[in-house]
Amino acid sequence: MRPMIVTALFPPALGGAATYFGDIAPELSEQDDIEELFLLTERMPGQPREWTEGRLRVLRCLPTRVSLSQRGWLTHAVTYALTQLWFFARLPGLVRRLGVSLIHFHTRYRGRLFYAALRRSRVPLLADLRDKMTDPVQLAAVAGRLLCCGEGVRHFAIKGGFPRERTVLIPIPFTPPEIPSPELVSDARQRYGLGEDPYLLFVGDITYNKGVYDLLEAYRQWQPGHPLVRLVFAGTNREGERFVGQVRRVAGTIYLGHVPHRDAQILMRGAEIVVLPSRTEGLPRVILEAVALGTRVICPPGIPEFERYLPQYVVPVVDADSIARTLSTVWHDRTLPSYPISGHRVRRVVEALAGVYGELAEGEGR
């Protein structure tokens with residue numbers, strides 16, 4: 001079998017997709033049934049266009065788009081068009097030239113020309129849905145299987161029109177991070193200008209769908225009763241000046257910009273609460289990391305796994321009032337959250353995914 005993974009982000013790019021595919025691709029390439037694993041991703045400055053390690057072959061051919069730190073509307077439109085045209089003109093030929101037997105694509109890539117290119121490739125297709133932002137009906141017309149990272153994502157897909165029998169639930173791979181020492185936490189506080197005051201922390205892309213504006217308003221309501229507690233944002237700003245302006249207007253907030261992953265984990269360890277009031281999450285890694293690091297959390301709604309294991313930490317809806325109320329509840333409850341992670345072991349996830357590859361390829365070959 002010679003599968004191809006198509007993803008915008010792959011290390012050293014940052015983000016959940018980069019971490020996910022960076023975790024699974026090397027181990028997938030070592031599975032007995034895989035002769036060679038191709039990974040097609042965006043070009044990155046300073047990175048080779050192609051490199052091979054064992055049976056993993058990384059091809060950085062796609063136009064740079066998702067990994068751009070900020071995108072104005074014109075850049076967004078132009079890079080979208082270029083990416084769609086690249087797929088339509090080049091993907092089918094690349095698949096034939098490399099002898100690809102299956103395409104596993106991250107649903108962050110979507111669009112009419114992209115879907116047409118997938119069909120013209122004439123190989124089995126596995127869509128990887130990690131959020132609630134892609135139309136399940138459009139995916140159902142293209143993909144033979146839909147990989148869902150969480151129960152909420154699977155429910156969203158089925159309710160939206162994807163056939164239940166073609167969905168597969170495989171959780172995200174997750175290895176608990178090493179817990180940083182107090183000295184490392186203190187050093188990070190100083191380097192990022194946080195001092196010794198307590199702080200709440202948001203980690204992730206700065207977008208409307210992540211609930212950042214609702215969080216700012218919730219903090220504005222909550223902060224007068226907690227004047228020493230800061231609200232800290234760490235992540236790539238996709239909103240531009242609108243977000244920066246809002247931060248300036250809310251006293252006590254700090255925007256750190258992009259923070260390396262390990263620094264983000266150290267800051268999570270030092271935070272009082274890690275807050276992620278997102279509207280579109282499947283099963284956010286940042287919450288699992290925070291829990292593993294021994295930090296309290298506020299989780300997004302609509303994720304059955306969190307509602308089952310972390311019910312007191314889930315915000316009921318994404319609005320300022322609900323976030324502020326949940327923040328007050330969690331602030332006064334010193335109990336640390338706990339979540340079972342055995343099902344997220346990388347090897348277990350990879351073995352399940354390799355099984356899906358085999359079933360899909362066998363089913364298409366009949």
# chains A, B, ... in the order shown; residues from 1 in each chain; ligands from 1
$ residues_around --residues "range 130-135 of chain A" --least-positions-apart "2" --cutoff "9 Å" --atoms "only C-alpha atoms" --output "JSON, numbers by chain"
{"A": [17, 106, 107, 108, 110, 128, 137, 138, 139, 140, 147, 148, 149, 150, 152, 153, 156, 157, 160, 161, 172, 279, 280, 281, 282, 283]}
$ write_last_selection --atoms "C-alpha atoms" --output "compact mmCIF listing (two decimals), in the first residue's frame"
# COMPACT_ATOMS: atom_id res chain seq x y z
CA ALA A 17 -2.86 19.57 12.48
CA HIS A 106 -7.37 16.82 6.20
CA THR A 107 -10.72 18.55 5.69
CA ARG A 108 -9.17 21.97 6.19
CA ARG A 110 -12.04 21.86 0.71
CA ASP A 128 -10.06 13.45 8.26
CA VAL A 137 -22.80 16.44 2.59
CA GLN A 138 -19.94 17.63 0.40
CA LEU A 139 -17.59 15.18 2.11
CA ALA A 140 -20.07 12.34 1.63
CA LEU A 147 -12.36 9.80 10.13
CA CYS A 148 -13.74 11.57 13.24
CA CYS A 149 -11.49 12.62 16.12
CA GLY A 150 -14.25 12.74 18.71
CA GLY A 152 -19.07 15.33 18.92
CA VAL A 153 -17.48 15.51 15.48
CA PHE A 156 -22.01 16.62 13.73
CA ALA A 157 -21.10 14.67 10.58
CA GLY A 160 -25.17 16.94 8.74
CA GLY A 161 -25.73 14.16 6.22
CA ILE A 172 -6.40 12.10 18.52
CA ARG A 279 -17.23 27.08 18.93
CA THR A 280 -15.81 24.52 16.51
CA GLU A 281 -13.51 22.09 18.34
CA GLY A 282 -13.46 18.37 17.80
CA LEU A 283 -11.30 17.30 20.74
$ select_by_dssp --residues "range 3-137 of chain A" --states "strand (DSSP E)" --output "PDB file with N, CA and C atoms, in the first residue's frame"
ATOM      1  N   PRO A   3      -0.099   4.920   0.559  1.00  0.00           N
ATOM      2  CA  PRO A   3      -1.039   6.020   0.844  1.00  0.00           C
ATOM      3  C   PRO A   3      -0.359   7.387   0.766  1.00  0.00           C
ATOM      4  N   MET A   4      -1.194   8.411   0.569  1.00  0.00           N
ATOM      5  CA  MET A   4      -0.740   9.793   0.600  1.00  0.00           C
ATOM      6  C   MET A   4      -1.594  10.568   1.597  1.00  0.00           C
ATOM      7  N   ILE A   5      -0.950  11.265   2.529  1.00  0.00           N
ATOM      8  CA  ILE A   5      -1.625  12.189   3.436  1.00  0.00           C
ATOM      9  C   ILE A   5      -1.516  13.591   2.851  1.00  0.00           C
ATOM     10  N   VAL A   6      -2.631  14.310   2.810  1.00  0.00           N
ATOM     11  CA  VAL A   6      -2.652  15.691   2.325  1.00  0.00           C
ATOM     12  C   VAL A   6      -3.050  16.588   3.486  1.00  0.00           C
ATOM     13  N   LEU A  37       4.932   5.877   2.405  1.00  0.00           N
ATOM     14  CA  LEU A  37       3.912   6.845   2.813  1.00  0.00           C
ATOM     15  C   LEU A  37       4.339   8.222   2.339  1.00  0.00           C
ATOM     16  N   PHE A  38       3.503   8.839   1.507  1.00  0.00           N
ATOM     17  CA  PHE A  38       3.759  10.190   1.022  1.00  0.00           C
ATOM     18  C   PHE A  38       2.985  11.187   1.883  1.00  0.00           C
ATOM     19  N   LEU A  39       3.585  12.317   2.170  1.00  0.00           N
ATOM     20  CA  LEU A  39       2.896  13.388   2.884  1.00  0.00           C
ATOM     21  C   LEU A  39       3.046  14.663   2.069  1.00  0.00           C
ATOM     22  N   LEU A  40       1.922  15.141   1.538  1.00  0.00           N
ATOM     23  CA  LEU A  40       1.887  16.330   0.689  1.00  0.00           C
ATOM     24  C   LEU A  40       1.445  17.511   1.539  1.00  0.00           C
ATOM     25  N   THR A  41       2.271  18.559   1.584  1.00  0.00           N
ATOM     26  CA  THR A  41       1.988  19.686   2.471  1.00  0.00           C
ATOM     27  C   THR A  41       2.485  20.994   1.862  1.00  0.00           C
ATOM     28  N   GLU A  42       2.305  22.090   2.601  1.00  0.00           N
ATOM     29  CA  GLU A  42       2.671  23.415   2.101  1.00  0.00           C
ATOM     30  C   GLU A  42       4.181  23.628   2.075  1.00  0.00           C
ATOM     31  N   GLU A  50      11.583  18.447  -0.690  1.00  0.00           N
ATOM     32  CA  GLU A  50      11.328  17.015  -0.553  1.00  0.00           C
ATOM     33  C   GLU A  50      12.383  16.400   0.358  1.00  0.00           C
ATOM     34  N   TRP A  51      11.958  15.512   1.251  1.00  0.00           N
ATOM     35  CA  TRP A  51      12.907  14.731   2.039  1.00  0.00           C
ATOM     36  C   TRP A  51      12.301  13.391   2.394  1.00  0.00           C
ATOM     37  N   THR A  52      13.174  12.436   2.613  1.00  0.00           N
ATOM     38  CA  THR A  52      12.753  11.066   2.885  1.00  0.00           C
ATOM     39  C   THR A  52      13.429  10.563   4.146  1.00  0.00           C
ATOM     40  N   GLU A  53      12.650   9.904   4.988  1.00  0.00           N
ATOM     41  CA  GLU A  53      13.188   9.239   6.169  1.00  0.00           C
ATOM     42  C   GLU A  53      12.540   7.870   6.256  1.00  0.00           C
ATOM     43  N   LEU A  56       8.883   7.142   4.867  1.00  0.00           N
ATOM     44  CA  LEU A  56       8.119   8.394   4.849  1.00  0.00           C
ATOM     45  C   LEU A  56       8.776   9.383   3.891  1.00  0.00           C
ATOM     46  N   ARG A  57       7.994   9.886   2.950  1.00  0.00           N
ATOM     47  CA  ARG A  57       8.488  10.844   1.951  1.00  0.00           C
ATOM     48  C   ARG A  57       7.633  12.106   2.010  1.00  0.00           C
ATOM     49  N   VAL A  58       8.224  13.196   2.446  1.00  0.00           N
ATOM     50  CA  VAL A  58       7.510  14.464   2.619  1.00  0.00           C
ATOM     51  C   VAL A  58       7.720  15.326   1.385  1.00  0.00           C
ATOM     52  N   LEU A  59       6.630  15.780   0.779  1.00  0.00           N
ATOM     53  CA  LEU A  59       6.650  16.609  -0.426  1.00  0.00           C
ATOM     54  C   LEU A  59       6.062  17.967  -0.085  1.00  0.00           C
ATOM     55  N   ARG A  60       6.890  18.998  -0.086  1.00  0.00           N
ATOM     56  CA  ARG A  60       6.408  20.363   0.197  1.00  0.00           C
ATOM     57  C   ARG A  60       6.181  21.067  -1.139  1.00  0.00           C
ATOM     58  N   CYS A  61       5.022  20.793  -1.722  1.00  0.00           N
ATOM     59  CA  CYS A  61       4.693  21.301  -3.052  1.00  0.00           C
ATOM     60  C   CYS A  61       3.559  22.319  -3.048  1.00  0.00           C
ATOM     61  N   LEU A  62       2.719  22.295  -2.024  1.00  0.00           N
ATOM     62  CA  LEU A  62       1.499  23.100  -2.043  1.00  0.00           C
ATOM     63  C   LEU A  62       1.795  24.570  -1.787  1.00  0.00           C
ATOM     64  N   LEU A 102      -4.070   5.369  -2.073  1.00  0.00           N
ATOM     65  CA  LEU A 102      -5.132   5.893  -1.204  1.00  0.00           C
ATOM     66  C   LEU A 102      -4.755   7.305  -0.799  1.00  0.00           C
ATOM     67  N   ILE A 103      -5.752   8.203  -0.714  1.00  0.00           N
ATOM     68  CA  ILE A 103      -5.511   9.569  -0.242  1.00  0.00           C
ATOM     69  C   ILE A 103      -6.259   9.788   1.073  1.00  0.00           C
ATOM     70  N   HIS A 104      -5.526  10.239   2.066  1.00  0.00           N
ATOM     71  CA  HIS A 104      -6.053  10.590   3.390  1.00  0.00           C
ATOM     72  C   HIS A 104      -5.884  12.107   3.521  1.00  0.00           C
ATOM     73  N   PHE A 105      -6.999  12.856   3.443  1.00  0.00           N
ATOM     74  CA  PHE A 105      -6.873  14.312   3.404  1.00  0.00           C
ATOM     75  C   PHE A 105      -7.529  14.976   4.606  1.00  0.00           C
ATOM     76  N   HIS A 106      -6.843  15.987   5.117  1.00  0.00           N
ATOM     77  CA  HIS A 106      -7.375  16.816   6.196  1.00  0.00           C
ATOM     78  C   HIS A 106      -8.443  17.726   5.606  1.00  0.00           C
ATOM     79  N   LEU A 125     -10.599   7.370  -1.001  1.00  0.00           N
ATOM     80  CA  LEU A 125     -10.426   8.643  -0.309  1.00  0.00           C
ATOM     81  C   LEU A 125     -10.911   8.541   1.131  1.00  0.00           C
ATOM     82  N   LEU A 126     -10.060   8.997   2.056  1.00  0.00           N
ATOM     83  CA  LEU A 126     -10.384   9.046   3.480  1.00  0.00           C
ATOM     84  C   LEU A 126     -10.304  10.494   3.932  1.00  0.00           C
ATOM     85  N   ALA A 127     -11.435  11.066   4.357  1.00  0.00           N
ATOM     86  CA  ALA A 127     -11.463  12.442   4.859  1.00  0.00           C
ATOM     87  C   ALA A 127     -11.223  12.428   6.361  1.00  0.00           C
ATOM     88  N   ASP A 128     -10.425  13.367   6.848  1.00  0.00           N
ATOM     89  CA  ASP A 128     -10.062  13.455   8.263  1.00  0.00           C
ATOM     90  C   ASP A 128     -10.667  14.729   8.832  1.00  0.00           C
ATOM     91  N   LEU A 129     -11.777  14.585   9.549  1.00  0.00           N
ATOM     92  CA  LEU A 129     -12.537  15.718  10.086  1.00  0.00           C
ATOM     93  C   LEU A 129     -12.153  15.928  11.538  1.00  0.00           C
TER      94      LEU A 129
END
$ residues_around --residues "Asp321 in chain A" --least-positions-apart "2" --cutoff "12 Å" --atoms "only C-alpha atoms" --output "ChimeraX atom specification"
/A:214-222,277,315-319,323-328
$ select_by_dssp --residues "range 209-362 of chain A" --states "alpha helix (DSSP H)" --output "PyMOL selection string"
chain A and resi 212-222+241-249+261-270+285-292+304-309+320-332+346-362
$ write_last_selection --atoms "C-alpha atoms" --output "PDB file, in the first residue's frame"
ATOM      1  CA  VAL A 212     -11.511  35.127  21.879  1.00  0.00           C
ATOM      2  CA  TYR A 213     -13.852  38.139  21.809  1.00  0.00           C
ATOM      3  CA  ASP A 214     -16.345  36.471  24.147  1.00  0.00           C
ATOM      4  CA  LEU A 215     -13.449  35.640  26.467  1.00  0.00           C
ATOM      5  CA  LEU A 216     -12.264  39.248  26.466  1.00  0.00           C
ATOM      6  CA  GLU A 217     -15.730  40.474  27.416  1.00  0.00           C
ATOM      7  CA  ALA A 218     -16.120  37.746  30.064  1.00  0.00           C
ATOM      8  CA  TYR A 219     -12.791  38.747  31.591  1.00  0.00           C
ATOM      9  CA  ARG A 220     -13.810  42.426  31.550  1.00  0.00           C
ATOM     10  CA  GLN A 221     -16.867  41.473  33.623  1.00  0.00           C
ATOM     11  CA  TRP A 222     -14.968  39.142  35.973  1.00  0.00           C
ATOM     12  CA  GLU A 241      -5.734  44.768  14.211  1.00  0.00           C
ATOM     13  CA  ARG A 242      -9.298  44.083  15.348  1.00  0.00           C
ATOM     14  CA  PHE A 243      -8.056  41.699  18.039  1.00  0.00           C
ATOM     15  CA  VAL A 244      -5.064  43.830  19.003  1.00  0.00           C
ATOM     16  CA  GLY A 245      -7.350  46.822  19.440  1.00  0.00           C
ATOM     17  CA  GLN A 246      -9.719  44.869  21.678  1.00  0.00           C
ATOM     18  CA  VAL A 247      -6.823  43.711  23.861  1.00  0.00           C
ATOM     19  CA  ARG A 248      -5.665  47.309  24.309  1.00  0.00           C
ATOM     20  CA  ARG A 249      -9.146  48.296  25.508  1.00  0.00           C
ATOM     21  CA  HIS A 261       5.028  24.792  21.772  1.00  0.00           C
ATOM     22  CA  ARG A 262       7.229  23.884  24.733  1.00  0.00           C
ATOM     23  CA  ASP A 263       7.039  27.450  26.075  1.00  0.00           C
ATOM     24  CA  ALA A 264       3.255  27.271  25.741  1.00  0.00           C
ATOM     25  CA  GLN A 265       3.250  24.091  27.848  1.00  0.00           C
ATOM     26  CA  ILE A 266       5.417  25.749  30.487  1.00  0.00           C
ATOM     27  CA  LEU A 267       3.068  28.733  30.575  1.00  0.00           C
ATOM     28  CA  MET A 268       0.114  26.338  30.887  1.00  0.00           C
ATOM     29  CA  ARG A 269       1.754  24.780  33.926  1.00  0.00           C
ATOM     30  CA  GLY A 270       2.095  28.222  35.497  1.00  0.00           C
ATOM     31  CA  ARG A 285      -5.265  18.935  22.380  1.00  0.00           C
ATOM     32  CA  VAL A 286      -4.624  22.064  24.462  1.00  0.00           C
ATOM     33  CA  ILE A 287      -7.160  20.916  27.058  1.00  0.00           C
ATOM     34  CA  LEU A 288      -5.581  17.458  27.267  1.00  0.00           C
ATOM     35  CA  GLU A 289      -2.157  19.073  27.676  1.00  0.00           C
ATOM     36  CA  ALA A 290      -3.347  21.408  30.413  1.00  0.00           C
ATOM     37  CA  VAL A 291      -5.000  18.566  32.339  1.00  0.00           C
ATOM     38  CA  ALA A 292      -1.864  16.414  31.991  1.00  0.00           C
ATOM     39  CA  PRO A 304     -19.185  14.565  24.810  1.00  0.00           C
ATOM     40  CA  GLU A 305     -15.834  13.326  26.153  1.00  0.00           C
ATOM     41  CA  PHE A 306     -15.378  16.507  28.183  1.00  0.00           C
ATOM     42  CA  GLU A 307     -18.996  16.536  29.308  1.00  0.00           C
ATOM     43  CA  ARG A 308     -18.479  12.973  30.553  1.00  0.00           C
ATOM     44  CA  TYR A 309     -15.122  13.351  32.304  1.00  0.00           C
ATOM     45  CA  ALA A 320     -19.457  36.299  27.752  1.00  0.00           C
ATOM     46  CA  ASP A 321     -21.923  35.728  30.584  1.00  0.00           C
ATOM     47  CA  SER A 322     -21.562  31.924  30.508  1.00  0.00           C
ATOM     48  CA  ILE A 323     -17.781  32.116  30.342  1.00  0.00           C
ATOM     49  CA  ALA A 324     -17.671  34.557  33.266  1.00  0.00           C
ATOM     50  CA  ARG A 325     -19.937  32.327  35.398  1.00  0.00           C
ATOM     51  CA  THR A 326     -17.907  29.205  34.594  1.00  0.00           C
ATOM     52  CA  LEU A 327     -14.710  31.100  35.330  1.00  0.00           C
ATOM     53  CA  SER A 328     -16.008  32.037  38.776  1.00  0.00           C
ATOM     54  CA  THR A 329     -17.024  28.445  39.501  1.00  0.00           C
ATOM     55  CA  VAL A 330     -13.684  26.970  38.442  1.00  0.00           C
ATOM     56  CA  TRP A 331     -11.722  29.724  40.178  1.00  0.00           C
ATOM     57  CA  HIS A 332     -13.241  28.841  43.559  1.00  0.00           C
ATOM     58  CA  VAL A 346       0.019   7.122  19.516  1.00  0.00           C
ATOM     59  CA  ARG A 347       0.661   3.472  18.687  1.00  0.00           C
ATOM     60  CA  ARG A 348      -2.937   2.518  19.407  1.00  0.00           C
ATOM     61  CA  VAL A 349      -4.213   5.325  17.174  1.00  0.00           C
ATOM     62  CA  VAL A 350      -1.800   4.455  14.357  1.00  0.00           C
ATOM     63  CA  GLU A 351      -2.743   0.775  14.404  1.00  0.00           C
ATOM     64  CA  ALA A 352      -6.439   1.672  14.199  1.00  0.00           C
ATOM     65  CA  LEU A 353      -5.775   4.089  11.324  1.00  0.00           C
ATOM     66  CA  ALA A 354      -3.730   1.508   9.422  1.00  0.00           C
ATOM     67  CA  GLY A 355      -6.687  -0.851   9.782  1.00  0.00           C
ATOM     68  CA  VAL A 356      -8.988   1.750   8.206  1.00  0.00           C
ATOM     69  CA  TYR A 357      -6.518   2.159   5.326  1.00  0.00           C
ATOM     70  CA  GLY A 358      -6.610  -1.577   4.692  1.00  0.00           C
ATOM     71  CA  GLU A 359     -10.411  -1.852   4.870  1.00  0.00           C
ATOM     72  CA  LEU A 360     -10.911   1.122   2.553  1.00  0.00           C
ATOM     73  CA  ALA A 361      -8.390  -0.124  -0.002  1.00  0.00           C
ATOM     74  CA  GLU A 362      -9.834  -3.639   0.099  1.00  0.00           C
TER      75      GLU A 362
END
$ closest_residue --among "A:Leu293, A:Ala234, A:Leu94, A:Leu200" --to "Gly252 in chain A" --atoms "only C-alpha atoms"
A:Leu200
$ residues_around --residues "Tyr20 in chain A" --least-positions-apart "3" --cutoff "10 Å" --atoms "only C-alpha atoms" --output "list in words"
Leu9, Phe10, Pro11, Gly15, Gly16, Ala17, Asp23, Ile24, Ala25, Ile172, Pro173, Phe174, Arg285 and Val346 of chain A
$ closest_residue --among "A:Arg345, A:Arg296, A:Arg191, A:Arg65" --to "Tyr80 in chain A" --atoms "only C-alpha atoms"
A:Arg65
$ residues_around --residues "Phe202 in chain A" --least-positions-apart "2" --cutoff "6 Å" --atoms "only C-alpha atoms" --output "mmCIF file with N, CA and C atoms, in the first residue's frame"
data_model
loop_
_atom_site.group_PDB
_atom_site.id
_atom_site.type_symbol
_atom_site.label_atom_id
_atom_site.label_comp_id
_atom_site.auth_asym_id
_atom_site.auth_seq_id
_atom_site.Cartn_x
_atom_site.Cartn_y
_atom_site.Cartn_z
ATOM 1 N N PHE A 233 -3.045 35.828 26.237
ATOM 2 C CA PHE A 233 -3.293 35.125 24.981
ATOM 3 C C PHE A 233 -1.955 34.749 24.354
ATOM 4 N N VAL A 274 -6.436 27.332 32.211
ATOM 5 C CA VAL A 274 -6.326 27.419 30.750
ATOM 6 C C VAL A 274 -7.747 27.451 30.190
ATOM 7 N N VAL A 275 -8.051 28.479 29.406
ATOM 8 C CA VAL A 275 -9.417 28.728 28.948
ATOM 9 C C VAL A 275 -9.489 28.588 27.433
#
$ atom_distance --atom1 "CA of Ala13 in chain A" --atom2 "CA of Met44 in chain A"
8.0 Å
$ residues_around --residues "Ala89 in chain A" --least-positions-apart "4" --cutoff "12 Å" --atoms "only C-alpha atoms" --output "count of residues only"
15
$ closest_residue --among "A:Thr236, A:Thr19, A:Asn209, A:Ser29" --to "Gly54 in chain A" --atoms "only C-alpha atoms"
A:Ser29
$ atom_distance --atom1 "CA of Arg154 in chain A" --atom2 "CA of Gly111 in chain A"
21.0 Å
$ atom_distance --atom1 "CA of Gly294 in chain A" --atom2 "CA of Pro260 in chain A"
19.8 Å
$ closest_residue --among "A:Gly204, A:Gly211, A:Pro301, A:Gly195" --to "Gly235 in chain A" --atoms "only C-alpha atoms"
A:Gly204
$ decode --residues "range 22-41 of chain A" --atoms "N, CA and C atoms" --output "compact mmCIF listing (two decimals), in the first residue's frame"
# COMPACT_ATOMS: atom_id res chain seq x y z
N GLY A 22 2.37 15.08 12.53
CA GLY A 22 3.74 14.83 12.95
C GLY A 22 3.85 13.63 13.88
N ASP A 23 2.80 13.40 14.67
CA ASP A 23 2.77 12.23 15.56
C ASP A 23 2.55 10.93 14.80
N ILE A 24 1.59 10.94 13.85
CA ILE A 24 1.17 9.67 13.26
C ILE A 24 1.98 9.27 12.03
N ALA A 25 2.47 10.24 11.23
CA ALA A 25 3.09 9.88 9.95
C ALA A 25 4.32 8.98 10.11
N PRO A 26 5.27 9.31 10.99
CA PRO A 26 6.45 8.43 11.11
C PRO A 26 6.09 7.00 11.51
N GLU A 27 5.14 6.87 12.45
CA GLU A 27 4.77 5.52 12.90
C GLU A 27 3.94 4.80 11.85
N LEU A 28 3.09 5.52 11.13
CA LEU A 28 2.32 4.90 10.05
C LEU A 28 3.24 4.31 8.99
N SER A 29 4.30 5.05 8.68
CA SER A 29 5.21 4.61 7.62
C SER A 29 5.92 3.30 7.99
N GLU A 30 5.90 2.94 9.28
CA GLU A 30 6.56 1.72 9.73
C GLU A 30 5.61 0.52 9.79
N GLN A 31 4.33 0.73 9.48
CA GLN A 31 3.39 -0.38 9.50
C GLN A 31 3.71 -1.37 8.37
N ASP A 32 3.51 -2.66 8.64
CA ASP A 32 3.93 -3.70 7.71
C ASP A 32 3.29 -3.57 6.34
N ASP A 33 2.03 -3.14 6.29
CA ASP A 33 1.32 -3.10 5.01
C ASP A 33 1.67 -1.89 4.16
N ILE A 34 2.43 -0.95 4.70
CA ILE A 34 2.73 0.28 3.98
C ILE A 34 4.12 0.21 3.35
N GLU A 35 4.13 0.23 2.02
CA GLU A 35 5.39 0.18 1.26
C GLU A 35 6.09 1.54 1.29
N GLU A 36 5.30 2.60 1.14
CA GLU A 36 5.82 3.96 1.19
C GLU A 36 4.66 4.88 1.54
N LEU A 37 4.93 5.88 2.41
CA LEU A 37 3.91 6.84 2.81
C LEU A 37 4.34 8.22 2.34
N PHE A 38 3.50 8.84 1.51
CA PHE A 38 3.76 10.19 1.02
C PHE A 38 2.99 11.19 1.88
N LEU A 39 3.58 12.32 2.17
CA LEU A 39 2.90 13.39 2.88
C LEU A 39 3.05 14.66 2.07
N LEU A 40 1.92 15.14 1.54
CA LEU A 40 1.89 16.33 0.69
C LEU A 40 1.45 17.51 1.54
N THR A 41 2.27 18.56 1.58
CA THR A 41 1.99 19.69 2.47
C THR A 41 2.48 20.99 1.86
